[in-house]
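See below for entry18.csv, which holds CSV, C-alpha atoms.
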chain,number,residue,atom,x,y,z
E,1,CYS,CA,38.5,-5.3,-30.8
E,2,VAL,CA,42.0,-4.8,-32.1
E,3,ALA,CA,43.2,-3.5,-35.5
E,4,ILE,CA,46.6,-2.6,-37.0
E,5,SER,CA,47.0,0.0,-39.7
E,6,GLN,CA,47.9,-1.2,-43.1
E,7,ASP,CA,51.4,0.3,-42.9
E,8,GLU,CA,51.8,-1.5,-39.5
E,9,GLN,CA,52.8,1.7,-37.7
E,10,ARG,CA,49.8,1.9,-35.3
E,11,ILE,CA,47.8,-0.4,-33.1
E,12,PHE,CA,44.2,0.4,-32.3
E,13,THR,CA,42.4,-1.3,-29.4
E,14,THR,CA,39.2,-0.9,-27.5
E,15,CYS,CA,39.3,0.0,-23.8
E,16,ASN,CA,35.6,0.0,-22.6
E,17,GLU,CA,34.0,3.0,-24.3
E,18,ASP,CA,37.3,4.4,-25.7
E,19,ILE,CA,39.8,3.4,-28.4
E,20,ALA,CA,43.5,3.6,-27.6
E,21,VAL,CA,46.0,4.4,-30.4
E,22,LEU,CA,49.5,3.0,-29.8
E,23,ASP,CA,52.7,3.3,-31.7
E,24,MET,CA,53.7,-0.2,-32.9
E,25,ALA,CA,57.4,0.3,-32.6
E,26,SER,CA,57.6,1.9,-29.1
E,27,GLY,CA,54.4,0.7,-27.5
E,28,GLN,CA,53.7,4.3,-26.4
E,29,LYS,CA,50.1,5.5,-26.3
E,30,LEU,CA,49.5,8.2,-29.0
E,31,ALA,CA,45.9,9.1,-28.2
E,32,ASP,CA,42.6,8.1,-26.7
E,33,LEU,CA,39.6,8.3,-28.9
E,34,LYS,CA,37.0,9.2,-26.3
E,35,GLY,CA,33.7,7.4,-26.7
E,36,ASP,CA,30.1,8.3,-26.0
E,37,THR,CA,30.0,6.4,-22.6
E,38,GLU,CA,28.6,3.2,-24.4
E,39,LEU,CA,30.9,0.2,-25.0
E,40,ILE,CA,32.5,0.0,-28.5
E,41,THR,CA,31.1,-3.0,-30.4
E,42,THR,CA,33.4,-2.9,-33.4
E,43,PHE,CA,35.6,-0.6,-35.5
E,44,ALA,CA,37.7,-0.5,-38.7
E,45,VAL,CA,40.5,1.6,-40.1
E,46,LYS,CA,40.6,2.9,-43.6
E,47,PRO,CA,43.3,1.2,-45.8
E,48,ASP,CA,44.8,4.6,-46.4
E,49,GLY,CA,45.2,5.2,-42.7
E,50,SER,CA,43.4,8.5,-42.7
E,51,HIS,CA,40.3,7.7,-40.7
E,52,LEU,CA,38.8,5.2,-38.3
E,53,VAL,CA,35.1,4.3,-38.1
E,54,SER,CA,33.7,3.0,-34.8
E,55,ALA,CA,30.4,1.8,-33.6
E,56,SER,CA,29.1,1.5,-30.1
E,57,ARG,CA,26.0,0.3,-28.2
E,58,SER,CA,24.5,3.7,-28.7
E,59,MET,CA,24.0,2.6,-32.4
E,60,GLN,CA,26.0,5.6,-33.6
E,61,LEU,CA,28.7,5.4,-36.3
E,62,VAL,CA,31.6,7.8,-35.6
E,63,VAL,CA,34.3,8.8,-38.1
E,64,TRP,CA,37.6,9.8,-36.5
E,65,ASP,CA,40.3,11.8,-38.2
E,66,LEU,CA,43.6,9.9,-37.4
E,67,ARG,CA,45.7,13.0,-38.0
E,68,THR,CA,44.0,15.1,-35.3
E,69,PHE,CA,42.4,12.2,-33.3
E,70,LYS,CA,39.1,14.2,-33.4
E,71,ILE,CA,35.6,13.3,-34.5
E,72,GLU,CA,35.0,14.3,-38.1
E,73,ARG,CA,31.3,13.2,-38.3
E,74,THR,CA,28.7,11.0,-36.7
E,75,PHE,CA,25.5,9.4,-38.1
E,76,LYS,CA,22.8,7.1,-36.8
E,77,ALA,CA,23.3,3.4,-37.7
E,78,ARG,CA,19.7,2.2,-37.9
E,79,ASP,CA,17.9,0.5,-34.9
E,80,SER,CA,20.2,-2.4,-34.1
E,81,HIS,CA,23.7,-2.9,-32.7
E,82,ILE,CA,26.6,-3.2,-35.2
E,83,LEU,CA,28.6,-6.3,-34.7
E,84,ALA,CA,30.8,-6.5,-37.8
E,85,MET,CA,32.5,-4.0,-40.0
E,86,ASP,CA,34.8,-3.7,-43.0
E,87,ILE,CA,36.1,-0.9,-45.3
E,88,ASP,CA,36.7,-1.3,-49.0
E,89,ALA,CA,40.0,-1.1,-50.7
E,90,THR,CA,39.3,2.5,-51.9
E,91,SER,CA,38.7,3.7,-48.4
E,92,THR,CA,35.3,5.1,-49.6
E,93,LEU,CA,32.7,2.6,-48.3
E,94,VAL,CA,32.2,0.9,-44.9
E,95,ALA,CA,30.0,-2.2,-44.6
E,96,THR,CA,28.3,-2.8,-41.3
E,97,GLY,CA,26.6,-6.1,-40.1
E,98,LEU,CA,23.8,-5.7,-37.5
E,99,ALA,CA,22.4,-7.9,-34.8
E,100,ASP,CA,19.0,-8.0,-36.6
E,101,GLY,CA,20.6,-9.6,-39.7
E,102,THR,CA,20.7,-6.4,-41.8
E,103,VAL,CA,23.8,-5.4,-43.8
E,104,ASN,CA,24.3,-1.7,-44.6
E,105,VAL,CA,26.9,0.0,-46.7
E,106,TRP,CA,27.8,3.7,-46.0
E,107,ASP,CA,29.7,6.4,-47.8
E,108,ILE,CA,32.2,7.3,-45.2
E,109,ASP,CA,33.1,10.8,-46.4
E,110,ARG,CA,29.5,11.9,-47.1
E,111,GLY,CA,27.9,10.2,-44.2
E,112,TYR,CA,24.9,8.5,-45.8
E,113,CYS,CA,23.7,4.9,-46.3
E,114,THR,CA,24.1,3.7,-49.9
E,115,HIS,CA,22.8,0.2,-49.6
E,116,ASN,CA,20.5,-1.7,-47.2
E,117,PHE,CA,20.5,-5.4,-47.6
E,118,LYS,CA,18.2,-7.9,-45.9
E,119,GLY,CA,18.0,-11.7,-46.2
E,120,HIS,CA,19.9,-13.2,-43.3
E,121,GLY,CA,18.0,-15.1,-40.7
E,122,ALA,CA,20.4,-14.4,-37.8
E,123,MET,CA,22.8,-11.8,-36.5
E,124,ILE,CA,25.7,-10.9,-38.8
E,125,THR,CA,29.0,-12.3,-37.6
E,126,SER,CA,31.4,-11.2,-40.4
E,127,VAL,CA,31.5,-8.8,-43.4
E,128,ARG,CA,34.1,-8.5,-46.1
E,129,PHE,CA,34.5,-6.6,-49.3
E,130,HIS,CA,35.9,-8.4,-52.3
E,131,PRO,CA,39.4,-7.1,-52.9
E,132,SER,CA,38.7,-6.2,-56.6
E,133,THR,CA,37.5,-2.6,-56.9
E,134,GLU,CA,35.9,-3.4,-60.2
E,135,ASN,CA,33.6,-6.2,-58.8
E,136,LEU,CA,32.0,-4.0,-56.1
E,137,CYS,CA,30.9,-7.1,-54.2
E,138,LEU,CA,30.4,-7.6,-50.5
E,139,VAL,CA,30.3,-10.9,-48.6
E,140,SER,CA,28.4,-11.3,-45.3
E,141,ALA,CA,28.0,-14.2,-42.9
E,142,SER,CA,25.6,-14.8,-40.1
E,143,GLY,CA,25.2,-16.8,-36.9
E,144,ASP,CA,23.3,-19.6,-38.7
E,145,GLY,CA,26.2,-20.3,-41.1
E,146,ASP,CA,24.7,-18.7,-44.2
E,147,ILE,CA,27.0,-16.7,-46.4
E,148,ARG,CA,25.6,-14.2,-48.9
E,149,VAL,CA,27.2,-12.3,-51.8
E,150,TRP,CA,25.9,-8.9,-52.5
E,151,ASP,CA,26.4,-7.0,-55.8
E,152,LEU,CA,26.6,-3.3,-55.0
E,153,LYS,CA,26.0,-2.3,-58.6
E,154,GLN,CA,22.9,-4.5,-59.0
E,155,ARG,CA,21.9,-3.8,-55.4
E,156,LYS,CA,20.9,-7.4,-54.7
E,157,CYS,CA,22.0,-10.8,-53.4
E,158,THR,CA,23.6,-12.8,-56.2
E,159,SER,CA,24.5,-16.0,-54.3
E,160,VAL,CA,23.7,-17.8,-51.0
E,161,LEU,CA,26.5,-20.2,-50.0
E,162,LYS,CA,25.4,-22.9,-47.6
E,163,SER,CA,27.9,-25.3,-46.0
E,164,HIS,CA,28.6,-24.0,-42.5
E,165,VAL,CA,26.3,-25.0,-39.7
E,166,SER,CA,27.4,-22.4,-37.1
E,167,ALA,CA,28.6,-18.8,-36.9
E,168,VAL,CA,31.1,-17.8,-39.6
E,169,ARG,CA,33.9,-15.8,-38.0
E,170,ALA,CA,36.3,-15.3,-40.8
E,171,ILE,CA,36.2,-14.4,-44.5
E,172,ASP,CA,39.4,-13.9,-46.6
E,173,PHE,CA,40.6,-14.1,-50.2
E,174,ASP,CA,43.9,-15.4,-51.8
E,175,GLU,CA,46.1,-13.1,-53.8
E,176,SER,CA,44.4,-13.9,-57.1
E,177,SER,CA,41.0,-12.9,-55.5
E,178,GLU,CA,39.6,-16.1,-57.1
E,179,ILE,CA,39.6,-18.2,-54.0
E,180,MET,CA,37.6,-17.4,-50.9
E,181,VAL,CA,38.2,-18.9,-47.5
E,182,THR,CA,35.6,-19.0,-44.7
E,183,ALA,CA,35.9,-20.5,-41.2
E,184,GLY,CA,33.8,-20.5,-38.1
E,185,ARG,CA,32.6,-22.1,-34.9
E,186,ASP,CA,31.5,-25.4,-36.6
E,187,SER,CA,35.2,-26.4,-36.6
E,188,VAL,CA,35.8,-26.3,-40.4
E,189,ILE,CA,37.5,-24.2,-43.0
E,190,ASN,CA,35.7,-24.0,-46.3
E,191,VAL,CA,37.4,-23.1,-49.6
E,192,TRP,CA,35.2,-21.6,-52.3
E,193,ASN,CA,35.7,-20.8,-56.0
E,194,TRP,CA,34.7,-17.1,-56.3
E,195,THR,CA,33.7,-17.1,-60.0
E,196,ARG,CA,31.4,-20.2,-59.8
E,197,LYS,CA,30.4,-19.5,-56.1
E,198,SER,CA,30.9,-23.2,-55.5
E,199,LEU,CA,32.6,-25.2,-52.6
E,200,ILE,CA,35.9,-26.6,-53.5
E,201,ARG,CA,36.7,-28.4,-50.3
E,202,THR,CA,36.0,-28.5,-46.6
E,203,ILE,CA,39.0,-28.8,-44.2
E,204,PRO,CA,38.0,-30.2,-40.7
E,205,VAL,CA,40.1,-28.6,-38.0
E,206,TYR,CA,38.4,-30.0,-34.9
E,207,GLU,CA,38.3,-26.7,-33.0
E,208,SER,CA,36.0,-23.7,-32.9
E,209,ILE,CA,37.7,-21.1,-35.2
E,210,GLU,CA,37.6,-17.4,-34.4
E,211,ALA,CA,40.0,-16.2,-37.2
E,212,ALA,CA,41.5,-17.5,-40.4
E,213,GLY,CA,43.1,-16.1,-43.5
E,214,VAL,CA,45.4,-16.7,-46.5
E,215,LEU,CA,49.2,-16.1,-46.3
E,216,ARG,CA,51.0,-14.5,-49.2
E,217,ILE,CA,52.7,-17.0,-51.5
E,218,ASP,CA,56.2,-15.8,-50.7
E,219,ALA,CA,55.6,-16.1,-47.0
E,220,ALA,CA,54.0,-19.5,-47.3
E,221,ALA,CA,56.9,-21.1,-49.2
E,222,VAL,CA,58.7,-22.0,-46.0
E,223,PHE,CA,56.0,-24.6,-45.1
E,224,ASN,CA,56.5,-26.6,-48.3
E,225,SER,CA,53.0,-26.2,-49.6
E,226,GLN,CA,52.5,-27.7,-53.1
E,227,LYS,CA,51.3,-24.4,-54.7
E,228,GLY,CA,52.4,-22.0,-52.0
E,229,ARG,CA,48.8,-21.4,-50.8
E,230,VAL,CA,48.5,-21.6,-47.1
E,231,VAL,CA,45.6,-20.9,-44.7
E,232,TYR,CA,46.2,-20.0,-41.1
E,233,SER,CA,43.6,-20.5,-38.3
E,234,GLY,CA,43.3,-19.7,-34.6
E,235,GLY,CA,40.6,-20.3,-32.0
E,236,GLU,CA,39.8,-22.2,-28.8
E,237,LYS,CA,43.0,-24.1,-28.6
E,238,GLY,CA,45.1,-20.9,-28.4
E,239,ILE,CA,47.6,-21.9,-31.1
E,240,VAL,CA,48.1,-21.0,-34.7
E,241,ARG,CA,47.7,-23.9,-37.2
E,242,LEU,CA,48.6,-23.8,-40.9
E,243,TRP,CA,46.8,-25.7,-43.7
E,244,ASP,CA,47.5,-26.4,-47.4
E,245,LEU,CA,44.7,-24.7,-49.2
E,246,ASP,CA,44.8,-27.1,-52.2
E,247,SER,CA,45.1,-30.4,-50.4
E,248,GLY,CA,43.6,-29.6,-47.0
E,249,GLU,CA,46.6,-31.1,-45.3
E,250,GLU,CA,47.8,-29.7,-41.9
E,251,LEU,CA,51.3,-28.3,-42.5
E,252,PHE,CA,52.2,-26.9,-39.1
E,253,THR,CA,50.8,-26.8,-35.6
E,254,GLN,CA,52.3,-24.5,-32.9
E,255,ALA,CA,53.4,-26.1,-29.6
E,256,LYS,CA,51.4,-24.5,-26.8
E,257,ASP,CA,53.2,-22.8,-24.0
E,258,ARG,CA,53.4,-24.8,-20.8
E,259,ASN,CA,50.3,-24.4,-18.6
E,260,ALA,CA,49.0,-21.7,-21.0
E,261,LYS,CA,45.2,-21.4,-20.7
E,262,HIS,CA,44.4,-18.7,-23.3
E,263,THR,CA,42.3,-18.9,-26.4
E,264,PHE,CA,42.5,-16.8,-29.5
E,265,VAL,CA,39.7,-14.4,-30.3
E,266,ASP,CA,41.4,-13.0,-33.4
E,267,VAL,CA,44.5,-13.5,-35.5
E,268,MET,CA,45.7,-10.8,-38.0
E,269,TYR,CA,48.2,-11.3,-40.8
E,270,LEU,CA,50.8,-8.5,-41.2
E,271,PRO,CA,52.3,-9.0,-44.6
E,272,GLN,CA,54.9,-6.2,-44.4
E,273,SER,CA,56.6,-7.7,-41.4
E,274,GLY,CA,55.7,-11.2,-42.2
E,275,ASN,CA,54.1,-11.7,-38.8
E,276,LEU,CA,50.8,-13.0,-37.4
E,277,CYS,CA,49.3,-11.1,-34.5
E,278,ALA,CA,47.1,-13.2,-32.2
E,279,VAL,CA,44.7,-11.5,-29.7
E,280,THR,CA,44.1,-13.7,-26.7
E,281,ASN,CA,41.0,-13.8,-24.5
E,282,ASP,CA,43.1,-12.5,-21.5
E,283,GLN,CA,43.8,-9.3,-23.5
E,284,ASN,CA,47.4,-9.9,-24.8
E,285,LEU,CA,48.8,-9.5,-28.3
E,286,LEU,CA,51.2,-12.2,-29.4
E,287,PHE,CA,53.3,-11.7,-32.5
E,288,TYR,CA,54.6,-14.7,-34.4
E,289,SER,CA,57.1,-14.7,-37.3
E,290,VAL,CA,55.9,-16.8,-40.3
E,291,GLU,CA,59.4,-17.0,-41.7
E,292,ALA,CA,60.7,-18.4,-38.3
E,293,GLN,CA,58.1,-21.2,-38.2
E,294,LEU,CA,55.7,-19.2,-36.0
E,295,LYS,CA,58.3,-18.4,-33.3
E,296,ARG,CA,56.9,-15.7,-30.9
E,297,VAL,CA,58.9,-12.5,-31.5
E,298,ARG,CA,56.9,-10.0,-29.4
E,299,GLN,CA,54.2,-9.7,-26.9
E,300,ILE,CA,52.1,-6.8,-25.7
E,301,VAL,CA,50.2,-7.1,-22.5
E,302,GLY,CA,46.8,-5.3,-22.5
E,303,TYR,CA,45.8,-5.7,-18.9
E,304,ASN,CA,47.9,-6.5,-15.8
E,305,GLU,CA,45.1,-7.0,-13.2
E,306,GLU,CA,46.4,-6.6,-9.7
E,307,ILE,CA,50.1,-6.1,-9.2
E,308,ILE,CA,51.3,-8.4,-6.4
E,309,ASP,CA,55.1,-8.1,-6.6
E,310,LEU,CA,57.8,-6.7,-8.8
E,311,ALA,CA,61.6,-6.2,-9.0
E,312,TYR,CA,64.2,-5.0,-11.5
E,313,ILE,CA,66.3,-7.7,-13.1
E,314,GLY,CA,69.6,-7.5,-15.0
E,315,ASN,CA,72.7,-5.4,-14.3
E,316,GLU,CA,71.4,-2.3,-16.1
E,317,HIS,CA,67.9,-2.5,-14.7
E,318,LYS,CA,66.3,-2.4,-18.1
E,319,HIS,CA,63.9,-5.1,-17.4
E,320,LEU,CA,61.2,-5.5,-14.8
E,321,ALA,CA,59.8,-8.8,-13.4
E,322,VAL,CA,56.1,-8.4,-12.4
E,323,ALA,CA,53.8,-10.9,-10.6
E,324,THR,CA,50.2,-10.1,-11.2
E,325,ASN,CA,46.9,-11.8,-10.4
E,326,THR,CA,47.7,-14.5,-13.0
E,327,GLU,CA,49.9,-17.6,-13.3
E,328,GLN,CA,52.4,-16.1,-15.7
E,329,LEU,CA,55.5,-14.2,-14.8
E,330,ARG,CA,55.8,-11.0,-16.9
E,331,ILE,CA,59.1,-9.5,-17.9
E,332,TYR,CA,58.9,-5.9,-19.2
E,333,ASN,CA,61.5,-4.1,-21.2
E,334,THR,CA,61.4,-0.7,-19.7
E,335,ASP,CA,62.6,1.0,-22.9
E,336,ASN,CA,59.7,0.0,-25.2
E,337,LEU,CA,57.2,-1.7,-22.8
E,338,ASN,CA,57.5,-5.0,-24.7
E,339,CYS,CA,56.6,-7.9,-22.4
E,340,GLU,CA,57.6,-11.5,-22.3
E,341,LEU,CA,55.1,-13.9,-20.6
E,342,ALA,CA,56.9,-16.8,-18.8
E,343,TYR,CA,54.6,-19.8,-18.5
E,344,GLY,CA,55.3,-22.4,-15.8
E,345,HIS,CA,53.0,-22.0,-12.8
E,346,LYS,CA,49.5,-23.4,-12.7
E,347,ASP,CA,48.1,-20.8,-10.3
E,348,ILE,CA,48.6,-17.2,-9.3
E,349,ILE,CA,52.2,-16.1,-8.5
E,350,LEU,CA,52.2,-14.7,-5.0
E,351,THR,CA,55.9,-13.6,-4.6
E,352,LEU,CA,59.1,-13.2,-6.5
E,353,ASP,CA,62.7,-12.4,-5.7
E,354,VAL,CA,65.8,-11.6,-7.8
E,355,HIS,CA,69.3,-13.0,-7.2
E,356,SER,CA,72.0,-10.4,-6.5
E,357,SER,CA,73.5,-11.1,-10.0
E,358,GLY,CA,70.2,-9.9,-11.5
E,359,ALA,CA,70.2,-13.0,-13.8
E,360,ILE,CA,68.0,-15.4,-11.8
E,361,VAL,CA,64.4,-15.0,-10.6
E,362,ALA,CA,62.6,-17.1,-8.2
E,363,THR,CA,58.8,-17.2,-8.0
E,364,GLY,CA,56.4,-18.8,-5.5
E,365,SER,CA,52.8,-19.6,-6.5
E,366,LYS,CA,49.5,-20.6,-5.1
E,367,ASP,CA,50.0,-24.0,-6.8
E,368,ASN,CA,52.5,-24.8,-4.0
E,369,THR,CA,55.6,-24.7,-6.2
E,370,VAL,CA,58.6,-22.5,-6.6
E,371,CYS,CA,60.1,-21.9,-10.1
E,372,ILE,CA,63.6,-20.7,-10.8
E,373,TRP,CA,63.9,-18.7,-14.0
With the file now loaded, output its structure as structure tokens.
Amino acid sequence: CVAISQDEQRIFTTCNEDIAVLDMASGQKLADLKGDTELITTFAVKPDGSHLVSASRSMQLVVWDLRTFKIERTFKARDSHILAMDIDATSTLVATGLADGTVNVWDIDRGYCTHNFKGHGAMITSVRFHPSTENLCLVSASGDGDIRVWDLKQRKCTSVLKSHVSAVRAIDFDESSEIMVTAGRDSVINVWNWTRKSLIRTIPVYESIEAAGVLRIDAAAVFNSQKGRVVYSGGEKGIVRLWDLDSGEELFTQAKDRNAKHTFVDVMYLPQSGNLCAVTNDQNLLFYSVEAQLKRVRQIVGYNEEIIDLAYIGNEHKHLAVATNTEQLRIYNTDNLNCELAYGHKDIILTLDVHSSGAIVATGSKDNTVCIW
């Protein structure tokens, strides 16, 4: 699990039973939120940035104070694992989706369950509060494709939306909050009218989707959408694709890096910087600029595996070339730990060497090739 604070100053990421807190600008680790020896299943950060709520296999909900990085309170989260979580716009309520199909809403500051919703026939794969603080509505989706809308004031399910045939992994709203977008592993994006709770259109994307969302209108303008409403998606192909929300037309498809094998397990939209942050299955964070036609502007490597060879490059020795137990060459900036992944080999890099000028790197791989960089 990975999350980025709303002010885009901090990155939060799981590391087994702990959560690491990183400074976005420098990449430095600020703190480790020590877990309870059980793996973290999901977590969410309050929009105001003051607290983080985490859930683990111990079925405990833990509220962390992000000013002191200490536990503020814990409470028991029923008798099933929590798989999905979202916090409302007021930073007051947290919704949790459980493996047994139950959806709970908790008062974060007081530590008690305010709502207990049942009706799904499969495990919960996604939950999302409606952006409007007046509506007090929650949307949940399950592994069988059903989407349910819960009214927190009436304490009941007001709509059941049926169109997906597999797990729904993403729920998002446009800026007007009148259009809802859902996507999942059935390889489609559905666009819904929120007021009527009716399906407007289905966009076939022909890949299993793990993340989708709506770009801000000013950011989407660069892709010549008719009304400036653009949906992004990411999944098993390991690329970001953009779709016109109104016509269903594909507006842009990223070119995949040579010999890249990764898939995307999540893609987050960062409106302040205008970037999309993709989380790969090999534990890397890839940042793409929307304004620059999804050009990659930054990478953070989450796991290096076994270090096989390394050497300084450049005249000032500010960069480090690293060969790990993967097919990519990794170039680290030693000032801020930013990393550039160089794709070219098809198998593990076994050796590397740097020219005396510091500007050329040679790598030899298990694929029986030598690459000059």
Legend entry - Within 9 Å of segment 324-338 of chain E using all atoms listed in the file, minus same-chain residues under 4 positions, as a VMD selection string: chain E and resid 25 to 28 259 to 260 298 to 301 304 to 310 313 317 to 320 342 to 350 363 365 to 366
Legend entry - Nearest-residue call for Arg148 of chain E, choices E:Glu178, E:Pro131, E:Val103, E:Arg196, using only C-alpha atoms: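 Under the stated criterion, the closest residue is E:Val103.
Across the model, the gap from atom CA of Leu39 of chain E to atom CA of Asp172 of chain E is 27.2 Å.
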Inset, instruction - Compare E:Lys46, E:Arg10, E:Lys261, E:His130 by their minimum atom-to-atom distance to Ala31 of chain E, counting only C-alpha atoms, and give me the closest one. - result: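 Distance minimum relative to Ala31 of chain E lands on E:Arg10.
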Using all atoms listed in the file, which residues of segment 94-187 of chain E come within 12 Å of segment 211-221 of chain E, and what is the closest atom pair for each, with the distance in Å to one decimal? Give it as a tab-separated table, sorted by chain and residue number.
residue	atom	partner	partner_atom	distance
E:Thr125	CA	E:Ala211	CA	11.7
E:Ser126	CA	E:Ala211	CA	10.4
E:Ala167	CA	E:Ala211	CA	11.7
E:Val168	CA	E:Ala211	CA	9.4
E:Arg169	CA	E:Ala211	CA	6.2
E:Ala170	CA	E:Ala211	CA	5.2
E:Ile171	CA	E:Gly213	CA	7.2
E:Asp172	CA	E:Gly213	CA	5.3
E:Phe173	CA	E:Val214	CA	6.6
E:Asp174	CA	E:Val214	CA	5.7
E:Glu175	CA	E:Arg216	CA	6.9
E:Ser176	CA	E:Arg216	CA	10.3
E:Ser177	CA	E:Val214	CA	10.7
E:Ile179	CA	E:Val214	CA	9.6
E:Met180	CA	E:Val214	CA	9.0
E:Val181	CA	E:Gly213	CA	6.9
E:Thr182	CA	E:Ala212	CA	7.5
E:Ala183	CA	E:Ala212	CA	6.4
E:Gly184	CA	E:Ala211	CA	7.6
E:Arg185	CA	E:Ala211	CA	9.7
E:Ser187	CA	E:Ala211	CA	11.3
Inset, instruction - Using only C-alpha atoms, determine which residues lie at most 9 Å from Gln272 of chain E, disregarding the query and same-chain residues fewer than 2 positions distant; provide the list as a PyMOL selection string. - result: chain E and resi 6-8+270+274-275
Dump C-alpha atoms for the selected residues as a short mmCIF file (atom, residue, chain, number, x, y, z; two decimals), in the frame of the given file?
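To be explicit, this is the file written out as part11.cif:
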data_model
loop_
_atom_site.label_atom_id
_atom_site.label_comp_id
_atom_site.auth_asym_id
_atom_site.auth_seq_id
_atom_site.Cartn_x
_atom_site.Cartn_y
_atom_site.Cartn_z
CA GLN E 6 47.90 -1.20 -43.10
CA ASP E 7 51.40 0.30 -42.90
CA GLU E 8 51.80 -1.50 -39.50
CA LEU E 270 50.80 -8.50 -41.20
CA GLY E 274 55.70 -11.20 -42.20
CA ASN E 275 54.10 -11.70 -38.80
#
Inset, instruction - Would you mind reading off the distance between atom CA of Val354 of chain E and atom CA of Asp367 of chain E, one decimal, in Å? - result: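 Between these atoms lies a distance of 20.1 Å.
The spacing separating atom CA of Thr74 of chain E from atom CA of Lys29 of chain E amounts to 24.4 Å.
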Output file: segment 304-316 of chain E, N, CA, C and O atoms, as a compact mmCIF listing (two decimals), in the first residue's frame:
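The result, stored in out-v6.txt:
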# COMPACT_ATOMS: atom_id res chain seq x y z
N ASN E 304 15.68 -3.03 -3.64
CA ASN E 304 16.81 -3.27 -4.54
C ASN E 304 17.17 -4.74 -4.71
O ASN E 304 17.99 -5.07 -5.55
N GLU E 305 16.58 -5.61 -3.93
CA GLU E 305 16.98 -7.03 -3.93
C GLU E 305 18.48 -7.12 -3.64
O GLU E 305 19.03 -6.33 -2.89
N GLU E 306 19.16 -8.08 -4.29
CA GLU E 306 20.60 -8.28 -4.02
C GLU E 306 21.44 -7.35 -4.88
O GLU E 306 21.26 -7.27 -6.09
N ILE E 307 22.37 -6.61 -4.24
CA ILE E 307 23.29 -5.74 -4.98
C ILE E 307 24.42 -6.58 -5.55
O ILE E 307 25.16 -7.25 -4.81
N ILE E 308 24.57 -6.55 -6.87
CA ILE E 308 25.59 -7.37 -7.53
C ILE E 308 26.84 -6.56 -7.85
O ILE E 308 27.96 -7.03 -7.68
N ASP E 309 26.66 -5.32 -8.31
CA ASP E 309 27.81 -4.48 -8.68
C ASP E 309 27.36 -3.02 -8.62
O ASP E 309 26.18 -2.72 -8.77
N LEU E 310 28.32 -2.13 -8.39
CA LEU E 310 27.99 -0.70 -8.37
C LEU E 310 29.24 0.11 -8.62
O LEU E 310 30.38 -0.36 -8.39
N ALA E 311 29.05 1.36 -9.10
CA ALA E 311 30.19 2.24 -9.37
C ALA E 311 29.68 3.67 -9.48
O ALA E 311 28.55 3.91 -9.92
N TYR E 312 30.52 4.63 -9.05
CA TYR E 312 30.18 6.04 -9.24
C TYR E 312 30.32 6.41 -10.71
O TYR E 312 31.18 5.90 -11.43
N ILE E 313 29.45 7.33 -11.16
CA ILE E 313 29.54 7.84 -12.52
C ILE E 313 29.51 9.36 -12.48
O ILE E 313 29.05 9.96 -11.50
N GLY E 314 30.01 9.99 -13.53
CA GLY E 314 30.08 11.45 -13.58
C GLY E 314 31.34 11.97 -12.93
O GLY E 314 31.94 11.32 -12.06
N ASN E 315 31.75 13.17 -13.33
CA ASN E 315 33.00 13.74 -12.83
C ASN E 315 32.92 14.08 -11.34
O ASN E 315 33.91 14.00 -10.62
N GLU E 316 31.74 14.48 -10.87
CA GLU E 316 31.60 14.90 -9.48
C GLU E 316 31.12 13.78 -8.56
O GLU E 316 30.90 14.00 -7.37
